[in-house]
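Shown here: work.txt, compact mmCIF, C-alpha atoms and all ligand atoms.
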# COMPACT_ATOMS: atom_id res chain seq x y z
CA MET A 1 0.00 0.00 0.00
CA GLY A 2 1.19 3.50 -0.83
CA LYS A 3 1.26 6.36 1.59
CA SER A 4 -2.24 7.36 2.49
CA LYS A 5 -3.13 11.00 2.30
CA GLY A 6 -5.15 10.74 5.47
CA MET A 7 -2.26 9.82 7.71
CA ILE A 8 -3.14 9.84 11.37
CA GLN A 9 -1.84 12.93 13.08
CA PRO A 10 -0.17 12.40 16.43
CA PRO A 11 -2.45 13.72 19.17
CA LYS A 12 -1.81 17.35 19.98
CA SER A 13 0.07 17.68 23.24
CA VAL A 14 -1.88 19.17 26.13
CA TYR A 15 1.12 21.47 26.54
CA ALA A 16 0.95 22.86 23.00
CA GLY A 17 0.83 26.64 23.18
CA PHE A 18 0.96 26.61 26.98
CA GLY A 19 4.44 27.75 27.93
CA LEU A 20 5.41 31.14 26.53
CA CYS A 21 8.84 32.72 26.50
CA PRO A 22 8.69 36.37 27.64
CA TYR A 23 12.13 37.06 26.09
CA CYS A 24 11.63 35.96 22.47
CA GLY A 25 7.84 35.42 22.36
CA LYS A 26 8.05 31.80 21.19
CA ASN A 27 5.95 28.99 22.57
CA TYR A 28 7.58 26.30 24.66
CA TYR A 29 7.86 22.78 23.22
CA ILE A 30 8.30 19.38 24.82
CA LYS A 31 11.91 18.34 24.93
CA ARG A 32 13.06 14.86 25.93
CA LEU A 33 16.25 14.63 27.93
CA SER A 34 17.97 11.33 28.49
CA ASN A 35 19.83 10.93 31.68
CA ALA A 36 21.79 7.84 32.64
CA LYS A 37 20.40 7.87 36.17
CA GLU A 38 16.79 8.86 35.64
CA GLY A 39 16.10 7.67 32.10
CA ILE A 40 14.11 9.97 29.85
CA LYS A 41 12.75 13.11 31.44
CA LYS A 42 10.46 15.53 29.66
CA CYS A 43 10.67 19.26 30.00
CA LEU A 44 9.21 22.33 28.37
CA ALA A 45 11.77 24.51 26.63
CA CYS A 46 11.70 27.70 24.57
CA GLY A 47 10.88 27.00 20.92
CA SER A 48 13.73 29.24 19.77
CA ASN A 49 16.18 26.71 21.15
CA ARG A 50 14.78 23.70 19.31
CA ALA A 51 17.57 23.48 16.74
CA MET A 52 20.25 25.51 18.46
CA LEU A 53 20.60 27.77 21.44
CA THR A 54 19.44 31.22 20.34
CA CYS A 55 17.25 32.35 23.26
CA ARG A 56 19.72 32.46 26.11
CA GLU A 57 17.53 34.12 28.73
CA SER A 58 14.87 31.40 28.68
CA GLU A 59 14.89 28.43 31.05
CA SER A 60 13.23 25.05 30.76
CA VAL A 61 10.74 23.52 33.18
CA PHE A 62 10.48 19.81 33.98
CA LEU A 63 7.01 18.40 33.39
CA ASP A 64 7.03 16.43 36.63
CA ASP A 65 7.71 19.63 38.58
CA LEU A 66 5.13 21.53 36.54
CA LYS A 67 2.40 18.98 37.29
CA ALA A 68 3.09 19.21 41.02
CA ILE A 69 3.05 23.02 40.81
CA LEU A 70 -0.24 23.05 38.89
CA ILE A 71 -1.84 20.83 41.54
CA LYS A 72 -0.61 23.22 44.25
CA GLN A 73 -1.90 26.24 42.32
CA ILE A 74 -5.34 24.65 41.99
CA GLY A 75 -5.33 23.87 45.71
CA ILE A 76 -4.53 27.53 46.45
CA LEU A 77 -7.41 28.73 44.23
CA LYS A 78 -9.85 26.23 45.73
CA SER A 79 -8.94 27.09 49.30
CA ASN A 80 -9.17 30.86 48.71
CA PRO A 81 -12.46 31.19 46.81
CA ILE A 82 -13.26 34.67 48.13
CA GLU A 83 -9.88 36.10 47.22
CA PHE A 84 -10.10 34.44 43.79
CA LYS A 85 -13.61 35.76 43.15
CA ASN A 86 -12.66 39.27 44.29
CA ALA A 87 -9.65 39.25 41.98
CA LEU A 88 -11.88 38.19 39.08
CA ARG A 89 -14.39 40.90 39.96
CA ASN A 90 -11.64 43.54 40.13
CA THR A 91 -10.48 42.56 36.67
CA TYR A 92 -13.80 42.10 34.92
CA VAL A 93 -16.46 44.16 36.66
CA GLY A 94 -14.57 47.31 37.55
CA ASN A 95 -16.61 49.57 39.76
CA LYS A 96 -20.26 49.08 38.94
CA GLU A 97 -21.50 51.51 41.60
CA ALA A 98 -19.24 54.26 40.26
CA LEU A 99 -20.60 53.73 36.75
CA GLN A 100 -24.21 53.84 37.96
CA GLU A 101 -23.44 57.03 39.90
CA LYS A 102 -21.98 58.57 36.73
CA VAL A 103 -25.18 57.76 34.81
CA ASN A 104 -27.25 59.36 37.59
CA ILE A 105 -25.18 62.55 37.49
CA LEU A 106 -25.47 62.73 33.70
CA ASN A 107 -29.25 62.26 33.96
CA GLY A 108 -29.42 65.15 36.44
CA LYS A 109 -27.46 67.43 34.09
CA ILE A 110 -29.67 66.42 31.15
CA ASP A 111 -32.85 67.21 33.15
CA ASN A 112 -31.46 70.63 34.13
CA LEU A 113 -30.60 71.55 30.57
CA ARG A 114 -33.99 70.38 29.31
CA ALA A 115 -35.71 72.62 31.87
CA LYS A 116 -33.47 75.52 30.81
CA TYR A 117 -34.39 74.90 27.18
CA LYS A 118 -38.10 74.64 27.93
CA ALA A 119 -38.00 78.01 29.69
CA ILE A 120 -36.76 79.79 26.56
CA GLU A 121 -38.33 77.53 23.96
CA ASN A 122 -40.89 80.12 22.76
CA LYS A 123 -38.68 83.18 23.03
CA ILE A 124 -37.49 84.72 19.80
CA GLY A 125 -34.42 86.68 18.86
CA ASP A 126 -30.78 86.05 17.97
CA SER A 127 -29.52 85.80 21.53
CA PHE A 128 -32.15 83.19 22.41
CA ASN A 129 -31.35 81.22 19.26
CA ALA A 130 -27.67 81.22 20.17
CA LEU A 131 -28.51 80.01 23.68
CA LYS A 132 -30.78 77.28 22.28
CA ASN A 133 -27.97 76.08 19.99
CA GLU A 134 -25.58 76.04 22.89
CA ILE A 135 -27.96 73.98 25.04
CA GLU A 136 -28.63 71.54 22.19
CA ASN A 137 -24.90 70.98 21.71
CA GLU A 138 -24.35 70.45 25.42
CA LEU A 139 -27.25 67.99 25.52
CA ASN A 140 -25.74 66.08 22.60
CA ASP A 141 -22.42 65.72 24.40
CA LEU A 142 -24.20 64.55 27.55
CA PHE A 143 -26.19 61.93 25.60
CA VAL A 144 -22.98 60.58 24.05
CA ALA A 145 -21.34 60.36 27.49
CA LYS A 146 -24.42 58.66 28.94
CA GLN A 147 -24.54 56.09 26.14
CA LYS A 148 -20.88 55.27 26.67
CA THR A 149 -21.31 54.81 30.42
CA GLU A 150 -24.42 52.67 29.95
CA ASN A 151 -22.50 50.42 27.55
CA GLU A 152 -19.78 50.00 30.20
CA LEU A 153 -22.48 49.03 32.70
CA LEU A 154 -23.84 46.41 30.28
CA THR A 155 -20.36 44.97 29.83
CA SER A 156 -20.01 44.62 33.57
CA ASN A 157 -23.19 42.50 33.57
CA ASP A 158 -21.57 40.19 30.98
CA ALA A 159 -18.59 40.07 33.31
CA GLU A 160 -20.62 38.21 35.93
CA ILE A 161 -21.16 35.43 33.38
CA VAL A 162 -17.46 35.28 32.51
CA ILE A 163 -16.56 35.09 36.21
CA LYS A 164 -19.01 32.25 36.75
CA GLN A 165 -17.53 30.35 33.78
CA ILE A 166 -14.00 30.73 35.16
CA PHE A 167 -15.15 29.61 38.60
CA ASP A 168 -16.98 26.61 37.12
CA SER A 169 -13.87 25.59 35.18
CA LEU A 170 -11.89 25.46 38.43
CA ASP A 171 -14.43 22.90 39.71
CA LYS A 172 -14.03 20.81 36.56
CA ILE A 173 -10.29 20.31 37.06
CA ASN A 174 -9.42 16.87 38.30
CA GLU A 175 -6.23 16.93 40.35
CA ASP A 176 -5.84 13.15 39.95
CA ASN A 177 -5.54 13.61 36.21
CA ILE A 178 -4.15 17.08 35.97
CA GLU A 179 -2.97 16.86 32.36
CA GLU A 180 -6.48 16.05 31.14
CA SER A 181 -8.05 19.13 32.59
CA PHE A 182 -5.70 21.97 33.59
CA ARG A 183 -6.02 23.81 30.27
CA ILE A 184 -9.71 24.54 30.93
CA LEU A 185 -8.54 27.15 33.43
CA PHE A 186 -4.87 27.86 32.78
CA LYS A 187 -4.49 29.35 29.32
CA ARG A 188 -0.79 30.08 29.29
CA MET A 189 2.31 29.89 31.45
CA ILE A 190 4.89 32.66 31.37
CA VAL A 191 8.32 31.32 32.31
CA LYS A 192 10.32 34.30 33.54
CA ASN A 193 12.80 31.69 34.67
CA ARG A 194 12.46 28.18 36.06
CA LEU A 195 11.88 29.60 39.54
CA ASP A 196 9.26 32.17 38.51
CA LEU A 197 6.13 30.92 36.77
CA THR A 198 2.93 32.85 36.06
CA PHE A 199 -0.25 31.08 34.98
CA ILE A 200 -2.57 33.17 32.83
CA ILE A 201 -6.29 32.84 33.50
CA GLY A 202 -9.02 34.35 31.31
CA ASN A 203 -7.96 35.67 27.93
CA GLU A 204 -5.16 33.65 26.31
CA ASN A 205 -4.18 36.59 24.11
CA VAL A 206 -1.30 38.17 26.03
CA THR A 207 0.05 40.48 23.33
CA ASN A 208 -0.83 43.61 25.33
CA LEU A 209 0.83 42.48 28.55
CA ASN A 210 4.31 43.26 29.79
CA LEU A 211 5.24 39.61 30.26
CA LEU A 212 8.34 40.32 32.33
CA ASP A 213 6.43 42.41 34.83
CA LEU A 214 3.22 40.52 35.65
CA LYS A 215 2.00 40.88 39.21
CA LYS A 216 1.19 37.38 40.41
CA ILE A 217 -1.63 36.78 42.86
CA LEU A 218 -2.75 33.72 44.84
CA VAL A 219 0.89 32.74 44.96
CA GLY A 220 2.63 29.63 46.24
CA SER A 221 6.02 27.98 46.29
CA HIS A 222 7.42 24.57 45.46
CA GLN A 223 10.80 22.94 46.02
CA ILE A 224 12.57 21.50 43.00
CA LYS A 225 15.85 19.72 42.58
CA VAL A 226 18.20 20.58 39.74
CA ARG A 227 21.45 18.63 39.55
CA ALA A 228 21.35 17.73 43.25
CA GLN A 229 20.66 21.35 44.23
CA HIS A 230 17.39 22.43 45.82
CA TYR A 231 15.58 25.55 44.63
CA THR A 232 12.25 27.21 45.40
CA VAL A 233 9.86 27.93 42.55
CA LYS A 234 7.53 30.89 43.09
CA PHE A 235 4.31 30.68 41.15
CA GLY A 236 0.95 32.43 40.94
CA ILE A 237 -1.82 33.46 38.59
CA PHE A 238 -2.48 36.54 36.51
CA ILE A 239 -6.03 37.27 35.41
CA ASN A 240 -6.00 38.60 31.86
CA LYS A 241 -9.17 40.41 30.84
ZN ZN B 1 12.75 32.37 24.18

Would you write the structure of this file as structure tokens?
Amino acid sequence: MGKSKGMIQPPKSVYAGFGLCPYCGKNYYIKRLSNAKEGIKKCLACGSNRAMLTCRESESVFLDDLKAILIKQIGILKSNPIEFKNALRNTYVGNKEALQEKVNILNGKIDNLRAKYKAIENKIGDSFNALKNEIENELNDLFVAKQKTENELLTSNDAEIVIKQIFDSLDKINEDNIEESFRILFKRMIVKNRLDLTFIIGNENVTNLNLLDLKKILVGSHQIKVRAQHYTVKFGIFINK
């Protein structure tokens, strides 16, 4: 038999497009390392270094360590639901009360101007016409501002749905089979170095973020061993709107 056109593709790795290098912007790939003592170990490494070492700032992360860290991160999120929910609300909802207050103030200004207009509506003469024009223009600006604020309020209602979805996805993660489920919640991992990992939650598009200066929240730490030396990995999440 000749080569079939419909050759079976190898299954896409659950780590595809997960690790991201903040130095060169390339995705991390799975690299197999053979070691006489430990056999084959898998790690995630910067895609720029696949053929030869070109991204010198990046560091690789062992998958075994990563799995343990992900389980710890999930534990931190699950045991701090209020802090997690507040962080999501801060990112997505903004300040709903402040927006509503802004709409109220705009409504008050609009009512005042309408009353002012009504009072001179039937007066004639150039000066009254000029005043009417002025009031109409001001009203227009106020309507535009009100529309904009009301749209922001509507978006913050959608935000409640997004927050619920993110919270639900945390529940769906199965710590006993972490690789099957962690991507529901964790969209990307920024590897500042092997001891500093940030998991992105929410929007996986990180092009507008300063990847080397993300403020991690709901943080934790994990001991790893590299060539007989012990190190502490600091990790945490970043909610990306
Ligand atoms: Zn890189």

Taking only residues of chain A that have an atom at most 6 Å from an atom of ligand ZN 1 (chain B), what is each one's shortest atom pair and its distance in Å to one decimal, using all atoms listed in the file, in chain and number order, as a tab-separated table?
residue	atom	partner	partner_atom	distance
A:Cys21	CA	B:ZN1	ZN	4.6
A:Tyr23	CA	B:ZN1	ZN	5.1
A:Cys24	CA	B:ZN1	ZN	4.1
A:Lys26	CA	B:ZN1	ZN	5.6
A:Cys46	CA	B:ZN1	ZN	4.8
A:Ser48	CA	B:ZN1	ZN	5.5
A:Cys55	CA	B:ZN1	ZN	4.6
A:Ser58	CA	B:ZN1	ZN	5.1

Could you tell me how far CA of Glu160 in chain A lies from CA of Phe84 in chain A, in Å and to one decimal?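 Between these atoms lies a distance of 13.7 Å.
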
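Taking CA of Val191 in chain A and CA of Val61 in chain A as endpoints, the distance between them is 8.2 Å.
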
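Proximity to Ile224 in chain A at 8 Å, evaluated using all atoms listed in the file and with sequence-adjacent residues fewer than 6 positions away removed, yields Asp65, His230, Tyr231, Thr232 and Val233 of chain A.
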
Compare A:Lys164, A:Leu44, A:Asn27, A:Lys172 by their minimum atom-to-atom distance to Gly202 in chain A, counting only C-alpha atoms, and give me the closest one.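 Checking each candidate against Gly202 in chain A, we get A:Lys164 as the closest.
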
Please provide the set of residues having any atom within 12 Å of Lys85 in chain A, restricted to all atoms listed in the file, with same-chain residues fewer than 2 positions apart removed, written as a ChimeraX atom specification. /A:77-83,87-93,159-160,162-168,170,218,239

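Compared by their closest atoms to Gly236 in chain A, and using only C-alpha atoms, the residues A:Gly25, A:Gly220, A:Gly125, A:Gly94 rank with A:Gly220 nearest.
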
Return the single residue from A:Leu63, A:Ile30, A:Ile40, A:Ala16 that is closest to Ile178 in chain A, with distances computed using only C-alpha atoms. A:Leu63

Got a sec to check which residues sit within 12 Å of (8.5, 34.2, 40.1), counting all atoms listed in the file, and write them as a PyMOL selection string? chain A and resi 189-199+211-217+219-222+232-238

Dump as CSV the rows for residues of range 145-173 of chain A within 12 Å of range 103-115 of chain A: closest atom pair and distance in Å with one decimal, only C-alpha atoms counted, ordered by chain and rising residue number.
residue,atom,partner,partner_atom,distance
A:Ala145,CA,A:Leu106,CA,7.8
A:Lys146,CA,A:Val103,CA,6.0
A:Gln147,CA,A:Val103,CA,8.9
A:Lys148,CA,A:Val103,CA,9.5
A:Thr149,CA,A:Val103,CA,6.6
A:Glu150,CA,A:Val103,CA,7.1
A:Asn151,CA,A:Val103,CA,10.7
A:Glu152,CA,A:Val103,CA,10.5
A:Leu153,CA,A:Val103,CA,9.4

From A:Lys187, A:Lys241, A:Arg56, A:Lys41, residue lying nearest Tyr15 in chain A [all atoms listed in the file]: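 Closest to Tyr15 in chain A, using all atoms listed in the file: A:Lys187.
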
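Between Arg50 in chain A and the residues A:Arg32, A:Lys116, A:Lys67, A:Lys37, the shortest atom-to-atom distance, using all atoms listed in the file, involves A:Arg32.
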
Model the absent atoms of range 39-65 of chain A so that N, CA and C atoms are present, and write the result as a PDB file, in the coordinates of the input.
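Result written to rebuild_20.pdb:
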ATOM      1  N   GLY A  39      16.775   8.034  33.339  1.00  0.00           N
ATOM      2  CA  GLY A  39      16.100   7.670  32.100  1.00  0.00           C
ATOM      3  C   GLY A  39      15.667   8.914  31.355  1.00  0.00           C
ATOM      4  N   ILE A  40      14.556   8.815  30.622  1.00  0.00           N
ATOM      5  CA  ILE A  40      14.110   9.970  29.850  1.00  0.00           C
ATOM      6  C   ILE A  40      13.224  10.870  30.702  1.00  0.00           C
ATOM      7  N   LYS A  41      13.587  12.132  30.733  1.00  0.00           N
ATOM      8  CA  LYS A  41      12.750  13.110  31.440  1.00  0.00           C
ATOM      9  C   LYS A  41      12.272  14.130  30.426  1.00  0.00           C
ATOM     10  N   LYS A  42      10.993  14.532  30.580  1.00  0.00           N
ATOM     11  CA  LYS A  42      10.460  15.530  29.660  1.00  0.00           C
ATOM     12  C   LYS A  42      10.481  16.902  30.318  1.00  0.00           C
ATOM     13  N   CYS A  43      10.790  17.897  29.493  1.00  0.00           N
ATOM     14  CA  CYS A  43      10.670  19.260  30.000  1.00  0.00           C
ATOM     15  C   CYS A  43      10.078  20.149  28.922  1.00  0.00           C
ATOM     16  N   LEU A  44       9.658  21.326  29.329  1.00  0.00           N
ATOM     17  CA  LEU A  44       9.210  22.330  28.370  1.00  0.00           C
ATOM     18  C   LEU A  44      10.357  23.312  28.187  1.00  0.00           C
ATOM     19  N   ALA A  45      10.656  23.611  26.919  1.00  0.00           N
ATOM     20  CA  ALA A  45      11.770  24.510  26.630  1.00  0.00           C
ATOM     21  C   ALA A  45      11.366  25.505  25.553  1.00  0.00           C
ATOM     22  N   CYS A  46      12.036  26.647  25.535  1.00  0.00           N
ATOM     23  CA  CYS A  46      11.700  27.700  24.570  1.00  0.00           C
ATOM     24  C   CYS A  46      11.882  27.205  23.139  1.00  0.00           C
ATOM     25  N   GLY A  47      10.880  27.455  22.308  1.00  0.00           N
ATOM     26  CA  GLY A  47      10.880  27.000  20.920  1.00  0.00           C
ATOM     27  C   GLY A  47      12.031  27.551  20.091  1.00  0.00           C
ATOM     28  N   SER A  48      12.596  28.677  20.515  1.00  0.00           N
ATOM     29  CA  SER A  48      13.730  29.240  19.770  1.00  0.00           C
ATOM     30  C   SER A  48      14.953  28.348  19.874  1.00  0.00           C
ATOM     31  N   ASN A  49      14.995  27.517  20.926  1.00  0.00           N
ATOM     32  CA  ASN A  49      16.180  26.710  21.150  1.00  0.00           C
ATOM     33  C   ASN A  49      16.048  25.272  20.654  1.00  0.00           C
ATOM     34  N   ARG A  50      15.053  25.040  19.804  1.00  0.00           N
ATOM     35  CA  ARG A  50      14.780  23.700  19.310  1.00  0.00           C
ATOM     36  C   ARG A  50      15.970  23.151  18.510  1.00  0.00           C
ATOM     37  N   ALA A  51      16.470  23.945  17.576  1.00  0.00           N
ATOM     38  CA  ALA A  51      17.570  23.480  16.740  1.00  0.00           C
ATOM     39  C   ALA A  51      18.926  23.863  17.337  1.00  0.00           C
ATOM     40  N   MET A  52      19.018  25.101  17.761  1.00  0.00           N
ATOM     41  CA  MET A  52      20.250  25.510  18.460  1.00  0.00           C
ATOM     42  C   MET A  52      19.921  26.616  19.452  1.00  0.00           C
ATOM     43  N   LEU A  53      20.863  26.822  20.352  1.00  0.00           N
ATOM     44  CA  LEU A  53      20.600  27.770  21.440  1.00  0.00           C
ATOM     45  C   LEU A  53      20.647  29.204  20.932  1.00  0.00           C
ATOM     46  N   THR A  54      19.456  29.820  20.767  1.00  0.00           N
ATOM     47  CA  THR A  54      19.440  31.220  20.340  1.00  0.00           C
ATOM     48  C   THR A  54      18.782  32.113  21.380  1.00  0.00           C
ATOM     49  N   CYS A  55      17.884  31.547  22.212  1.00  0.00           N
ATOM     50  CA  CYS A  55      17.250  32.350  23.260  1.00  0.00           C
ATOM     51  C   CYS A  55      17.917  32.002  24.578  1.00  0.00           C
ATOM     52  N   ARG A  56      18.887  32.807  24.959  1.00  0.00           N
ATOM     53  CA  ARG A  56      19.720  32.460  26.110  1.00  0.00           C
ATOM     54  C   ARG A  56      19.102  32.804  27.456  1.00  0.00           C
ATOM     55  N   GLU A  57      18.146  33.739  27.447  1.00  0.00           N
ATOM     56  CA  GLU A  57      17.530  34.120  28.730  1.00  0.00           C
ATOM     57  C   GLU A  57      16.523  33.088  29.220  1.00  0.00           C
ATOM     58  N   SER A  58      15.959  32.304  28.289  1.00  0.00           N
ATOM     59  CA  SER A  58      14.870  31.400  28.680  1.00  0.00           C
ATOM     60  C   SER A  58      15.397  30.207  29.452  1.00  0.00           C
ATOM     61  N   GLU A  59      14.519  29.629  30.290  1.00  0.00           N
ATOM     62  CA  GLU A  59      14.890  28.430  31.050  1.00  0.00           C
ATOM     63  C   GLU A  59      13.794  27.386  30.884  1.00  0.00           C
ATOM     64  N   SER A  60      14.212  26.125  30.955  1.00  0.00           N
ATOM     65  CA  SER A  60      13.230  25.050  30.760  1.00  0.00           C
ATOM     66  C   SER A  60      12.613  24.641  32.099  1.00  0.00           C
ATOM     67  N   VAL A  61      11.480  23.946  31.988  1.00  0.00           N
ATOM     68  CA  VAL A  61      10.740  23.520  33.180  1.00  0.00           C
ATOM     69  C   VAL A  61      10.433  22.028  33.038  1.00  0.00           C
ATOM     70  N   PHE A  62      10.788  21.243  34.042  1.00  0.00           N
ATOM     71  CA  PHE A  62      10.480  19.810  33.980  1.00  0.00           C
ATOM     72  C   PHE A  62       8.982  19.568  34.159  1.00  0.00           C
ATOM     73  N   LEU A  63       8.443  18.663  33.329  1.00  0.00           N
ATOM     74  CA  LEU A  63       7.010  18.400  33.390  1.00  0.00           C
ATOM     75  C   LEU A  63       6.567  17.838  34.731  1.00  0.00           C
ATOM     76  N   ASP A  64       7.404  16.994  35.324  1.00  0.00           N
ATOM     77  CA  ASP A  64       7.030  16.430  36.630  1.00  0.00           C
ATOM     78  C   ASP A  64       6.876  17.550  37.679  1.00  0.00           C
ATOM     79  N   ASP A  65       7.813  18.497  37.652  1.00  0.00           N
ATOM     80  CA  ASP A  65       7.710  19.630  38.580  1.00  0.00           C
ATOM     81  C   ASP A  65       6.469  20.457  38.261  1.00  0.00           C
TER      82      ASP A  65
END
